[in-house]
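Next up, coords-v4.txt (compact mmCIF, C-alpha atoms):
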```
# COMPACT_ATOMS: atom_id res chain seq x y z
CA MET T 12 -151.11 24.92 142.19
CA THR T 13 -148.63 23.37 144.64
CA ASP T 14 -145.53 21.48 143.73
CA THR T 15 -147.46 18.25 144.14
CA GLU T 16 -149.81 19.28 141.33
CA PRO T 17 -148.13 18.83 137.97
CA ALA T 18 -148.91 21.54 135.45
CA ASP T 19 -149.83 18.91 132.90
CA CYS T 20 -152.35 17.06 135.09
CA ALA T 21 -155.67 17.00 133.23
CA PHE T 22 -157.72 16.67 136.43
CA CYS T 23 -155.89 19.43 138.33
CA ALA T 24 -156.65 21.67 135.34
CA ILE T 25 -160.38 20.93 135.72
CA ILE T 26 -160.34 21.38 139.50
CA GLU T 27 -158.55 24.70 139.15
CA GLY T 28 -160.85 25.93 136.37
CA ARG T 29 -158.17 25.88 133.69
CA ALA T 30 -160.01 23.25 131.66
CA THR T 31 -163.66 22.38 131.12
CA ALA T 32 -165.47 19.16 131.96
CA ASN T 33 -168.97 17.88 132.41
CA ILE T 34 -169.08 18.30 136.18
CA ILE T 35 -171.77 16.22 137.89
CA GLN T 36 -171.18 17.12 141.54
CA ILE T 37 -168.84 19.21 143.66
CA TRP T 38 -167.85 18.56 147.26
CA HIS T 39 -165.33 20.41 149.41
CA ASP T 40 -162.81 17.63 148.92
CA ALA T 41 -163.73 16.08 145.56
CA ILE T 42 -165.55 16.50 142.27
CA ALA T 43 -167.46 14.06 140.08
CA ILE T 44 -167.24 14.40 136.31
CA ARG T 45 -168.22 12.46 133.23
CA PRO T 46 -165.40 10.76 131.30
CA ARG T 47 -164.29 12.84 128.33
CA ARG T 48 -165.35 10.15 125.85
CA GLY T 49 -168.70 9.37 127.46
CA GLY T 50 -167.71 6.34 129.48
CA VAL T 51 -168.89 2.77 129.55
CA ASN T 52 -172.52 3.87 129.71
CA ASP T 53 -174.43 7.06 130.48
CA SER T 54 -174.09 6.52 134.21
CA HIS T 55 -170.30 6.48 134.25
CA VAL T 56 -168.71 9.15 136.46
CA LEU T 57 -165.23 9.74 137.82
CA VAL T 58 -164.87 10.81 141.45
CA ILE T 59 -161.68 12.85 141.80
CA PRO T 60 -160.08 14.30 144.95
CA ARG T 61 -159.19 17.99 144.84
CA THR T 62 -155.81 17.05 146.28
CA HIS T 63 -153.44 15.76 143.63
CA VAL T 64 -152.34 12.23 144.47
CA ALA T 65 -151.11 9.91 141.77
CA ASP T 66 -153.24 6.87 142.49
CA ALA T 67 -155.19 4.93 145.11
CA GLY T 68 -151.99 3.59 146.66
CA THR T 69 -150.36 6.98 147.21
CA ASP T 70 -152.23 8.29 150.25
CA PRO T 71 -154.72 5.98 152.00
CA ALA T 72 -156.47 8.90 153.71
CA VAL T 73 -157.17 10.74 150.46
CA THR T 74 -158.22 7.47 148.85
CA ALA T 75 -160.59 6.75 151.73
CA ALA T 76 -162.18 10.20 151.59
CA THR T 77 -162.65 9.88 147.83
CA MET T 78 -164.20 6.46 148.36
CA ALA T 79 -166.71 7.97 150.79
CA ARG T 80 -167.86 10.30 147.98
CA ALA T 81 -168.09 7.40 145.53
CA ALA T 82 -170.11 5.53 148.16
CA GLU T 83 -172.57 8.44 148.32
CA LEU T 84 -173.13 8.09 144.58
CA ALA T 85 -173.41 4.31 144.81
CA ALA T 86 -176.08 4.69 147.49
CA GLN T 87 -178.22 6.60 144.98
CA ARG T 88 -178.05 3.81 142.41
CA PRO T 89 -179.75 0.42 142.40
CA ALA T 90 -176.45 -1.37 141.66
CA SER T 91 -173.01 -0.19 140.63
CA ASN T 92 -169.34 -0.94 140.41
CA ILE T 93 -166.76 1.33 142.03
CA ILE T 94 -163.36 0.77 140.46
CA ALA T 95 -159.89 2.17 141.06
CA ASN T 96 -157.25 1.46 138.45
CA VAL T 97 -153.94 1.77 140.27
CA GLY T 98 -151.10 2.18 137.80
CA ALA T 99 -150.87 2.09 134.03
CA ALA T 100 -150.77 -1.73 133.90
CA ALA T 101 -154.15 -1.70 135.68
CA GLY T 102 -155.70 0.63 133.11
CA GLN T 103 -155.09 3.99 134.79
CA THR T 104 -154.82 6.63 132.08
CA VAL T 105 -154.69 9.89 134.09
CA MET T 106 -152.19 9.85 136.95
CA HIS T 107 -154.44 11.69 139.39
CA LEU T 108 -156.52 9.40 141.59
CA HIS T 109 -160.04 8.83 140.29
CA LEU T 110 -162.69 6.28 141.17
CA HIS T 111 -165.02 5.07 138.45
CA VAL T 112 -168.68 4.63 139.41
CA ILE T 113 -170.83 2.78 136.89
CA THR T 114 -174.48 1.88 137.33
CA ARG T 115 -175.17 -1.76 136.59
CA THR T 116 -178.31 -3.55 135.52
CA LYS T 117 -178.80 -7.29 135.34
CA GLY T 118 -177.73 -8.64 131.98
CA ASP T 119 -176.08 -5.42 130.78
CA GLY T 120 -173.12 -7.41 129.50
CA ILE T 121 -170.48 -5.18 131.13
CA GLN T 122 -167.37 -7.23 131.74
CA LEU T 123 -165.53 -7.49 135.01
CA PRO T 124 -162.56 -9.78 135.62
CA TRP T 125 -164.60 -12.43 137.37
CA THR T 126 -167.77 -12.46 135.29
CA ALA T 127 -167.16 -16.03 134.18
CA GLN T 128 -166.48 -17.40 137.61
CA GLN T 129 -169.12 -15.52 139.54
CA GLU T 130 -171.59 -18.35 139.81
CA ALA T 131 -168.93 -20.75 141.04
CA GLU T 132 -167.85 -18.26 143.70
CA ARG T 133 -171.42 -17.76 144.79
CA ALA T 134 -171.83 -21.48 145.27
CA ALA T 135 -168.49 -21.80 147.08
CA TRP T 136 -169.52 -19.28 149.72
CA GLY T 137 -172.76 -21.16 150.25
CA VAL T 138 -174.79 -18.20 149.05
CA THR T 139 -178.29 -19.12 148.07
CA SER T 140 -181.11 -16.63 147.98
CA ARG T 141 -179.34 -13.60 149.38
CA GLY T 142 -178.10 -12.38 146.03
CA MET H 14 -173.18 -11.24 166.76
CA THR H 15 -175.40 -8.17 166.77
CA ASP H 16 -178.73 -7.86 165.09
CA THR H 17 -177.00 -6.20 162.15
CA GLU H 18 -174.96 -9.33 161.51
CA PRO H 19 -177.09 -12.00 159.90
CA ALA H 20 -176.44 -15.50 161.15
CA ASP H 21 -176.06 -16.71 157.57
CA CYS H 22 -173.44 -14.13 156.54
CA ALA H 23 -170.40 -16.03 155.25
CA PHE H 24 -168.00 -13.19 156.06
CA CYS H 25 -169.33 -12.57 159.58
CA ALA H 26 -168.78 -16.28 160.19
CA ILE H 27 -165.11 -15.92 159.21
CA ILE H 28 -164.61 -12.74 161.24
CA GLU H 29 -166.15 -14.38 164.30
CA GLY H 30 -164.14 -17.59 163.90
CA ARG H 31 -167.15 -19.73 163.06
CA ALA H 32 -165.81 -20.55 159.58
CA THR H 33 -162.36 -20.94 158.09
CA ALA H 34 -160.72 -18.93 155.34
CA ASN H 35 -157.29 -18.25 153.92
CA ILE H 36 -156.66 -15.08 155.91
CA ILE H 37 -153.95 -12.84 154.42
CA GLN H 38 -153.98 -9.95 156.87
CA ILE H 39 -155.84 -8.77 159.95
CA TRP H 40 -156.40 -5.17 161.04
CA HIS H 41 -158.45 -3.87 163.96
CA ASP H 42 -161.25 -2.88 161.59
CA ALA H 43 -160.90 -5.27 158.65
CA ILE H 44 -159.50 -8.54 157.37
CA ALA H 45 -158.11 -9.59 154.00
CA ILE H 46 -158.79 -13.09 152.73
CA ARG H 47 -158.38 -15.08 149.54
CA PRO H 48 -161.57 -15.81 147.57
CA ARG H 49 -162.87 -19.28 148.28
CA ARG H 50 -162.39 -20.39 144.68
CA GLY H 51 -158.94 -18.88 144.23
CA GLY H 52 -159.92 -15.66 142.52
CA VAL H 53 -159.04 -14.13 139.19
CA ASN H 54 -155.34 -14.77 139.77
CA ASP H 55 -153.07 -15.65 142.69
CA SER H 56 -152.98 -12.03 143.85
CA HIS H 57 -156.71 -11.67 144.35
CA VAL H 58 -157.77 -10.75 147.89
CA LEU H 59 -160.97 -9.52 149.47
CA VAL H 60 -160.76 -6.71 152.04
CA ILE H 61 -163.69 -7.03 154.43
CA PRO H 62 -164.73 -4.73 157.29
CA ARG H 63 -165.34 -6.40 160.65
CA THR H 64 -168.56 -4.40 160.88
CA HIS H 65 -171.35 -6.00 158.91
CA VAL H 66 -172.62 -3.60 156.26
CA ALA H 67 -174.39 -4.89 153.18
CA ASP H 68 -172.44 -3.08 150.50
CA ALA H 69 -170.32 -0.04 149.63
CA GLY H 70 -173.40 2.19 149.52
CA THR H 71 -174.65 1.33 153.01
CA ASP H 72 -172.28 3.30 155.22
CA PRO H 73 -169.78 5.68 153.57
CA ALA H 74 -167.60 5.78 156.71
CA VAL H 75 -167.19 2.00 156.85
CA THR H 76 -166.63 1.92 153.10
CA ALA H 77 -163.96 4.61 153.38
CA ALA H 78 -162.13 2.82 156.20
CA THR H 79 -162.18 -0.42 154.23
CA MET H 80 -160.87 1.43 151.19
CA ALA H 81 -157.94 2.72 153.25
CA ARG H 82 -156.99 -0.90 153.97
CA ALA H 83 -157.31 -1.83 150.31
CA ALA H 84 -155.13 1.18 149.50
CA GLU H 85 -152.44 -0.17 151.83
CA LEU H 86 -152.42 -3.41 149.85
CA ALA H 87 -152.42 -1.55 146.53
CA ALA H 88 -149.39 0.45 147.66
CA GLN H 89 -147.46 -2.81 148.00
CA ARG H 90 -148.21 -3.86 144.42
CA PRO H 91 -146.81 -2.51 141.15
CA ALA H 92 -150.31 -2.11 139.69
CA SER H 93 -153.75 -3.26 140.75
CA ASN H 94 -157.47 -2.82 140.49
CA ILE H 95 -159.60 -2.17 143.56
CA ILE H 96 -163.21 -3.03 142.83
CA ALA H 97 -166.44 -2.85 144.80
CA ASN H 98 -169.46 -4.63 143.39
CA VAL H 99 -172.46 -2.87 144.89
CA GLY H 100 -175.55 -5.02 144.58
CA ALA H 101 -176.30 -8.32 142.90
CA ALA H 102 -176.72 -6.74 139.46
CA ALA H 103 -173.15 -5.45 139.80
CA GLY H 104 -171.76 -8.90 140.57
CA GLN H 105 -171.86 -8.82 144.38
CA THR H 106 -172.26 -12.39 145.62
CA VAL H 107 -171.86 -12.03 149.40
CA MET H 108 -173.96 -9.26 150.91
CA HIS H 109 -171.27 -8.08 153.33
CA LEU H 110 -169.10 -5.28 151.93
CA HIS H 111 -165.84 -6.48 150.41
CA LEU H 112 -163.32 -4.78 148.15
CA HIS H 113 -161.49 -6.87 145.58
CA VAL H 114 -157.78 -6.12 145.12
CA ILE H 115 -156.15 -7.73 142.09
CA THR H 116 -152.55 -7.25 140.99
CA ARG H 117 -152.28 -6.38 137.32
CA THR H 118 -149.48 -6.80 134.84
CA LYS H 119 -149.33 -5.36 131.36
CA GLY H 120 -150.97 -7.67 128.85
CA ASP H 121 -152.48 -10.03 131.44
CA GLY H 122 -155.75 -10.06 129.52
CA ILE H 123 -157.94 -9.35 132.56
CA GLN H 124 -161.11 -7.64 131.40
CA LEU H 125 -162.52 -4.44 132.83
CA PRO H 126 -165.57 -2.64 131.44
CA TRP H 127 -163.54 -0.08 129.53
CA THR H 128 -160.70 -2.21 128.20
CA ALA H 129 -161.72 -1.58 124.60
CA GLN H 130 -162.03 2.18 124.94
CA GLN H 131 -159.02 2.83 127.11
CA GLU H 132 -156.77 4.11 124.35
CA ALA H 133 -159.44 6.48 123.08
CA GLU H 134 -159.96 7.84 126.59
CA ARG H 135 -156.24 8.29 127.05
CA ALA H 136 -156.08 10.34 123.85
CA ALA H 137 -159.16 12.36 124.78
CA TRP H 138 -157.58 13.52 128.04
CA GLY H 139 -154.48 14.55 126.15
CA VAL H 140 -152.40 12.00 128.01
CA THR H 141 -149.15 11.19 126.30
CA SER H 142 -146.22 9.78 128.15
CA ARG H 143 -147.61 9.89 131.69
CA GLY H 144 -149.85 6.83 131.54
```

Step by step, read the file and then write its structure as structure tokens.
Amino acid sequence: MTDTEPADCAFCAIIEGRATANIIQIWHDAIAIRPRRGGVNDSHVLVIPRTHVADAGTDPAVTAATMARAAELAAQRPASNIIANVGAAAGQTVMHLHLHVITRTKGDGIQLPWTAQQEAERAAWGVTSRG
Amino acid sequence: MTDTEPADCAFCAIIEGRATANIIQIWHDAIAIRPRRGGVNDSHVLVIPRTHVADAGTDPAVTAATMARAAELAAQRPASNIIANVGAAAGQTVMHLHLHVITRTKGDGIQLPWTAQQEAERAAWGVTSRG
């Protein structure tokens, strides 16, 4: 543990083997785990850098590297959302950067901020058959 | 335009100056623009790589670099969500990678997939005063 890794950080505890988790994948710079409560659906994983940084705004390089790992997972899924909650007011509950990756299927009813306006946006960009 | 940049890509058209947009910021590798329809709230921007890649799963390096730019914007905001919709079933409307950055304030009512379970998750991780 370094002085940037608070002793009470739940994710540092998992990375250092002081706490258990359902670990999905391990890389040299990150891990992927299941949320403690099961997540939004069975596909939901958290991609977490081994380096303790508070959130996605703290260190762009660490955030970028973590995003590359989330992108690897997204590439294995037919469709997904990758979401960073930056700060408590944005829904961040553990103050160690983590990216949520959630597989999506058409009509699954999962809410995002713009669900209601999506069709209007699609039309505004002149998008037709491309998706 | 290269053969990886489709002639009908709305974001390539903006990047190449063939279409207008409300451009917020320009970097050597990315731009940030306002959504055509105004977005979820006045803070909503799209961070778009100059390189045409279809989505966040296409090229982890491009995705990571774009995430670093989104992280710069997040660092300037008190709280925010950074969201990639990967594929049409995940809400992606323009098939050129873009990351949504949305400023959040407590009680703003913006929906994310886990809004309802957030408190349970917080408790499950043993988070008390940190979040």

Could I get the residues of stretch 81-127 of chain T with an atom no further than 10 Å from an atom of stretch 71-84 of chain H, each paired with its nearest atom pair and that distance in Å to one decimal, using only C-alpha atoms, sorted by chain and residue number, as CSV?
```
residue,atom,partner,partner_atom,distance
T:Ala81,CA,H:Pro73,CA,8.4
T:Ala82,CA,H:Pro73,CA,5.4
T:Glu83,CA,H:Pro73,CA,6.6
T:Leu84,CA,H:Pro73,CA,9.9
T:Ala85,CA,H:Thr71,CA,8.8
T:Ala86,CA,H:Thr71,CA,6.6
T:Ala95,CA,H:Ala84,CA,9.7
T:Val97,CA,H:Ala84,CA,9.3
```

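Distance annotation: of T:Thr31, T:Ser54, T:Thr114, T:Gln36, the residue with the minimal separation from chain H is T:Thr114; atom set is all atoms listed in the file.
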
Pick out the chain T residues within 6 Å of chain H. Count all atoms listed in the file. Give them as an mmCIF file with C-alpha atoms, in the frame of the given file.
```cif
data_model
loop_
_atom_site.group_PDB
_atom_site.id
_atom_site.type_symbol
_atom_site.label_atom_id
_atom_site.label_comp_id
_atom_site.auth_asym_id
_atom_site.auth_seq_id
_atom_site.Cartn_x
_atom_site.Cartn_y
_atom_site.Cartn_z
ATOM 1 C CA ARG T 48 -165.350 10.150 125.850
ATOM 2 C CA ALA T 67 -155.190 4.930 145.110
ATOM 3 C CA GLY T 68 -151.990 3.590 146.660
ATOM 4 C CA PRO T 71 -154.720 5.980 152.000
ATOM 5 C CA ALA T 75 -160.590 6.750 151.730
ATOM 6 C CA MET T 78 -164.200 6.460 148.360
ATOM 7 C CA ALA T 79 -166.710 7.970 150.790
ATOM 8 C CA ALA T 82 -170.110 5.530 148.160
ATOM 9 C CA ALA T 85 -173.410 4.310 144.810
ATOM 10 C CA ALA T 86 -176.080 4.690 147.490
ATOM 11 C CA ALA T 90 -176.450 -1.370 141.660
ATOM 12 C CA SER T 91 -173.010 -0.190 140.630
ATOM 13 C CA ASN T 92 -169.340 -0.940 140.410
ATOM 14 C CA ILE T 93 -166.760 1.330 142.030
ATOM 15 C CA ILE T 94 -163.360 0.770 140.460
ATOM 16 C CA ALA T 95 -159.890 2.170 141.060
ATOM 17 C CA ASN T 96 -157.250 1.460 138.450
ATOM 18 C CA VAL T 97 -153.940 1.770 140.270
ATOM 19 C CA GLY T 98 -151.100 2.180 137.800
ATOM 20 C CA ALA T 99 -150.870 2.090 134.030
ATOM 21 C CA ALA T 100 -150.770 -1.730 133.900
ATOM 22 C CA ALA T 101 -154.150 -1.700 135.680
ATOM 23 C CA THR T 104 -154.820 6.630 132.080
ATOM 24 C CA ARG T 115 -175.170 -1.760 136.590
ATOM 25 C CA THR T 116 -178.310 -3.550 135.520
ATOM 26 C CA LYS T 117 -178.800 -7.290 135.340
ATOM 27 C CA ILE T 121 -170.480 -5.180 131.130
ATOM 28 C CA GLN T 122 -167.370 -7.230 131.740
ATOM 29 C CA LEU T 123 -165.530 -7.490 135.010
ATOM 30 C CA PRO T 124 -162.560 -9.780 135.620
ATOM 31 C CA GLU T 132 -167.850 -18.260 143.700
ATOM 32 C CA ARG T 133 -171.420 -17.760 144.790
ATOM 33 C CA GLY T 142 -178.100 -12.380 146.030
#
```

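Rounded to one decimal, atom CA of H:Val58 and atom CA of T:Leu57 lie 24.0 Å from each other.
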
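One finds atom CA of T:Arg61 at 9.6 Å from atom CA of T:His107.
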
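Note that atom CA of T:Ala32 and atom CA of T:His55 are 13.8 Å apart.
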
Is it possible to get the superposed chain H, fitted on chain T over all Cα pairs by sequence order, as a PDB file with C-alpha atoms, in the frame of the given file?
```pdb
ATOM      1  CA  MET H  14    -151.013  24.930 142.083  1.00  0.00           C
ATOM      2  CA  THR H  15    -148.568  23.399 144.539  1.00  0.00           C
ATOM      3  CA  ASP H  16    -145.478  21.480 143.657  1.00  0.00           C
ATOM      4  CA  THR H  17    -147.444  18.267 144.110  1.00  0.00           C
ATOM      5  CA  GLU H  18    -149.800  19.246 141.307  1.00  0.00           C
ATOM      6  CA  PRO H  19    -148.129  18.805 137.949  1.00  0.00           C
ATOM      7  CA  ALA H  20    -148.890  21.519 135.442  1.00  0.00           C
ATOM      8  CA  ASP H  21    -149.842  18.885 132.877  1.00  0.00           C
ATOM      9  CA  CYS H  22    -152.357  17.049 135.087  1.00  0.00           C
ATOM     10  CA  ALA H  23    -155.686  16.989 133.237  1.00  0.00           C
ATOM     11  CA  PHE H  24    -157.717  16.664 136.439  1.00  0.00           C
ATOM     12  CA  CYS H  25    -155.883  19.424 138.326  1.00  0.00           C
ATOM     13  CA  ALA H  26    -156.648  21.651 135.343  1.00  0.00           C
ATOM     14  CA  ILE H  27    -160.374  20.926 135.729  1.00  0.00           C
ATOM     15  CA  ILE H  28    -160.337  21.380 139.507  1.00  0.00           C
ATOM     16  CA  GLU H  29    -158.541  24.708 139.149  1.00  0.00           C
ATOM     17  CA  GLY H  30    -160.842  25.935 136.374  1.00  0.00           C
ATOM     18  CA  ARG H  31    -158.156  25.874 133.704  1.00  0.00           C
ATOM     19  CA  ALA H  32    -160.011  23.238 131.657  1.00  0.00           C
ATOM     20  CA  THR H  33    -163.650  22.369 131.124  1.00  0.00           C
ATOM     21  CA  ALA H  34    -165.472  19.164 131.959  1.00  0.00           C
ATOM     22  CA  ASN H  35    -168.994  17.884 132.411  1.00  0.00           C
ATOM     23  CA  ILE H  36    -169.091  18.319 136.180  1.00  0.00           C
ATOM     24  CA  ILE H  37    -171.784  16.228 137.901  1.00  0.00           C
ATOM     25  CA  GLN H  38    -171.191  17.141 141.531  1.00  0.00           C
ATOM     26  CA  ILE H  39    -168.847  19.217 143.660  1.00  0.00           C
ATOM     27  CA  TRP H  40    -167.854  18.557 147.271  1.00  0.00           C
ATOM     28  CA  HIS H  41    -165.333  20.421 149.414  1.00  0.00           C
ATOM     29  CA  ASP H  42    -162.803  17.631 148.914  1.00  0.00           C
ATOM     30  CA  ALA H  43    -163.736  16.086 145.564  1.00  0.00           C
ATOM     31  CA  ILE H  44    -165.557  16.502 142.277  1.00  0.00           C
ATOM     32  CA  ALA H  45    -167.466  14.070 140.078  1.00  0.00           C
ATOM     33  CA  ILE H  46    -167.250  14.420 136.316  1.00  0.00           C
ATOM     34  CA  ARG H  47    -168.243  12.481 133.224  1.00  0.00           C
ATOM     35  CA  PRO H  48    -165.415  10.774 131.307  1.00  0.00           C
ATOM     36  CA  ARG H  49    -164.319  12.828 128.338  1.00  0.00           C
ATOM     37  CA  ARG H  50    -165.365  10.140 125.867  1.00  0.00           C
ATOM     38  CA  GLY H  51    -168.709   9.364 127.479  1.00  0.00           C
ATOM     39  CA  GLY H  52    -167.706   6.334 129.495  1.00  0.00           C
ATOM     40  CA  VAL H  53    -168.895   2.757 129.552  1.00  0.00           C
ATOM     41  CA  ASN H  54    -172.524   3.870 129.716  1.00  0.00           C
ATOM     42  CA  ASP H  55    -174.448   7.058 130.480  1.00  0.00           C
ATOM     43  CA  SER H  56    -174.086   6.507 134.225  1.00  0.00           C
ATOM     44  CA  HIS H  57    -170.306   6.481 134.269  1.00  0.00           C
ATOM     45  CA  VAL H  58    -168.712   9.150 136.468  1.00  0.00           C
ATOM     46  CA  LEU H  59    -165.240   9.750 137.823  1.00  0.00           C
ATOM     47  CA  VAL H  60    -164.875  10.826 141.464  1.00  0.00           C
ATOM     48  CA  ILE H  61    -161.688  12.855 141.815  1.00  0.00           C
ATOM     49  CA  PRO H  62    -160.091  14.310 144.959  1.00  0.00           C
ATOM     50  CA  ARG H  63    -159.177  17.997 144.826  1.00  0.00           C
ATOM     51  CA  THR H  64    -155.802  17.050 146.287  1.00  0.00           C
ATOM     52  CA  HIS H  65    -153.440  15.759 143.645  1.00  0.00           C
ATOM     53  CA  VAL H  66    -152.343  12.226 144.488  1.00  0.00           C
ATOM     54  CA  ALA H  67    -151.112   9.893 141.782  1.00  0.00           C
ATOM     55  CA  ASP H  68    -153.247   6.865 142.509  1.00  0.00           C
ATOM     56  CA  ALA H  69    -155.209   4.926 145.133  1.00  0.00           C
ATOM     57  CA  GLY H  70    -151.999   3.585 146.673  1.00  0.00           C
ATOM     58  CA  THR H  71    -150.369   6.978 147.235  1.00  0.00           C
ATOM     59  CA  ASP H  72    -152.254   8.284 150.255  1.00  0.00           C
ATOM     60  CA  PRO H  73    -154.749   5.971 152.005  1.00  0.00           C
ATOM     61  CA  ALA H  74    -156.475   8.917 153.727  1.00  0.00           C
ATOM     62  CA  VAL H  75    -157.170  10.743 150.462  1.00  0.00           C
ATOM     63  CA  THR H  76    -158.230   7.474 148.858  1.00  0.00           C
ATOM     64  CA  ALA H  77    -160.610   6.764 151.735  1.00  0.00           C
ATOM     65  CA  ALA H  78    -162.188  10.227 151.584  1.00  0.00           C
ATOM     66  CA  THR H  79    -162.666   9.891 147.837  1.00  0.00           C
ATOM     67  CA  MET H  80    -164.214   6.469 148.361  1.00  0.00           C
ATOM     68  CA  ALA H  81    -166.728   7.988 150.783  1.00  0.00           C
ATOM     69  CA  ARG H  82    -167.866  10.307 147.981  1.00  0.00           C
ATOM     70  CA  ALA H  83    -168.114   7.419 145.539  1.00  0.00           C
ATOM     71  CA  ALA H  84    -170.130   5.553 148.170  1.00  0.00           C
ATOM     72  CA  GLU H  85    -172.586   8.457 148.317  1.00  0.00           C
ATOM     73  CA  LEU H  86    -173.134   8.117 144.575  1.00  0.00           C
ATOM     74  CA  ALA H  87    -173.426   4.330 144.815  1.00  0.00           C
ATOM     75  CA  ALA H  88    -176.104   4.714 147.486  1.00  0.00           C
ATOM     76  CA  GLN H  89    -178.231   6.617 144.972  1.00  0.00           C
ATOM     77  CA  ARG H  90    -178.054   3.818 142.401  1.00  0.00           C
ATOM     78  CA  PRO H  91    -179.763   0.418 142.391  1.00  0.00           C
ATOM     79  CA  ALA H  92    -176.468  -1.358 141.662  1.00  0.00           C
ATOM     80  CA  SER H  93    -173.023  -0.194 140.635  1.00  0.00           C
ATOM     81  CA  ASN H  94    -169.348  -0.933 140.426  1.00  0.00           C
ATOM     82  CA  ILE H  95    -166.781   1.344 142.042  1.00  0.00           C
ATOM     83  CA  ILE H  96    -163.383   0.766 140.484  1.00  0.00           C
ATOM     84  CA  ALA H  97    -159.915   2.175 141.063  1.00  0.00           C
ATOM     85  CA  ASN H  98    -157.266   1.445 138.470  1.00  0.00           C
ATOM     86  CA  VAL H  99    -153.959   1.757 140.290  1.00  0.00           C
ATOM     87  CA  GLY H 100    -151.124   2.167 137.828  1.00  0.00           C
ATOM     88  CA  ALA H 101    -150.877   2.057 134.059  1.00  0.00           C
ATOM     89  CA  ALA H 102    -150.793  -1.749 133.943  1.00  0.00           C
ATOM     90  CA  ALA H 103    -154.168  -1.713 135.712  1.00  0.00           C
ATOM     91  CA  GLY H 104    -155.720   0.613 133.141  1.00  0.00           C
ATOM     92  CA  GLN H 105    -155.106   3.974 134.832  1.00  0.00           C
ATOM     93  CA  THR H 106    -154.837   6.622 132.119  1.00  0.00           C
ATOM     94  CA  VAL H 107    -154.698   9.875 134.113  1.00  0.00           C
ATOM     95  CA  MET H 108    -152.196   9.827 136.960  1.00  0.00           C
ATOM     96  CA  HIS H 109    -154.434  11.696 139.406  1.00  0.00           C
ATOM     97  CA  LEU H 110    -156.535   9.394 141.595  1.00  0.00           C
ATOM     98  CA  HIS H 111    -160.056   8.839 140.301  1.00  0.00           C
ATOM     99  CA  LEU H 112    -162.708   6.283 141.185  1.00  0.00           C
ATOM    100  CA  HIS H 113    -165.029   5.061 138.456  1.00  0.00           C
ATOM    101  CA  VAL H 114    -168.693   4.633 139.419  1.00  0.00           C
ATOM    102  CA  ILE H 115    -170.839   2.772 136.897  1.00  0.00           C
ATOM    103  CA  THR H 116    -174.502   1.881 137.329  1.00  0.00           C
ATOM    104  CA  ARG H 117    -175.188  -1.760 136.570  1.00  0.00           C
ATOM    105  CA  THR H 118    -178.319  -3.555 135.501  1.00  0.00           C
ATOM    106  CA  LYS H 119    -178.813  -7.287 135.317  1.00  0.00           C
ATOM    107  CA  GLY H 120    -177.717  -8.650 131.961  1.00  0.00           C
ATOM    108  CA  ASP H 121    -176.073  -5.423 130.762  1.00  0.00           C
ATOM    109  CA  GLY H 122    -173.102  -7.401 129.481  1.00  0.00           C
ATOM    110  CA  ILE H 123    -170.475  -5.182 131.129  1.00  0.00           C
ATOM    111  CA  GLN H 124    -167.360  -7.239 131.743  1.00  0.00           C
ATOM    112  CA  LEU H 125    -165.515  -7.491 135.030  1.00  0.00           C
ATOM    113  CA  PRO H 126    -162.541  -9.783 135.642  1.00  0.00           C
ATOM    114  CA  TRP H 127    -164.591 -12.447 137.379  1.00  0.00           C
ATOM    115  CA  THR H 128    -167.748 -12.458 135.280  1.00  0.00           C
ATOM    116  CA  ALA H 129    -167.169 -16.038 134.166  1.00  0.00           C
ATOM    117  CA  GLN H 130    -166.511 -17.418 137.632  1.00  0.00           C
ATOM    118  CA  GLN H 131    -169.141 -15.512 139.540  1.00  0.00           C
ATOM    119  CA  GLU H 132    -171.627 -18.353 139.798  1.00  0.00           C
ATOM    120  CA  ALA H 133    -168.966 -20.757 141.020  1.00  0.00           C
ATOM    121  CA  GLU H 134    -167.872 -18.264 143.671  1.00  0.00           C
ATOM    122  CA  ARG H 135    -171.449 -17.737 144.761  1.00  0.00           C
ATOM    123  CA  ALA H 136    -171.866 -21.487 145.244  1.00  0.00           C
ATOM    124  CA  ALA H 137    -168.535 -21.806 147.042  1.00  0.00           C
ATOM    125  CA  TRP H 138    -169.566 -19.271 149.684  1.00  0.00           C
ATOM    126  CA  GLY H 139    -172.795 -21.152 150.203  1.00  0.00           C
ATOM    127  CA  VAL H 140    -174.810 -18.191 148.995  1.00  0.00           C
ATOM    128  CA  THR H 141    -178.314 -19.088 147.967  1.00  0.00           C
ATOM    129  CA  SER H 142    -181.076 -16.566 147.885  1.00  0.00           C
ATOM    130  CA  ARG H 143    -179.222 -13.569 149.317  1.00  0.00           C
ATOM    131  CA  GLY H 144    -177.280 -12.543 146.222  1.00  0.00           C
TER     132      GLY H 144
END
```

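The list of residues with at least one atom within 10 Å of T:Ile26, based on only C-alpha atoms and without residues fewer than 2 positions apart in the same chain, reads T:Ala21, T:Phe22, T:Cys23, T:Ala24, T:Gly28, T:Arg29, T:Ala30, T:Thr31, T:Ala32, T:Ile34, T:Ile37, T:Ala41, T:Ile42, T:Ile59, T:Pro60, T:Arg61, T:Thr62, T:His63.
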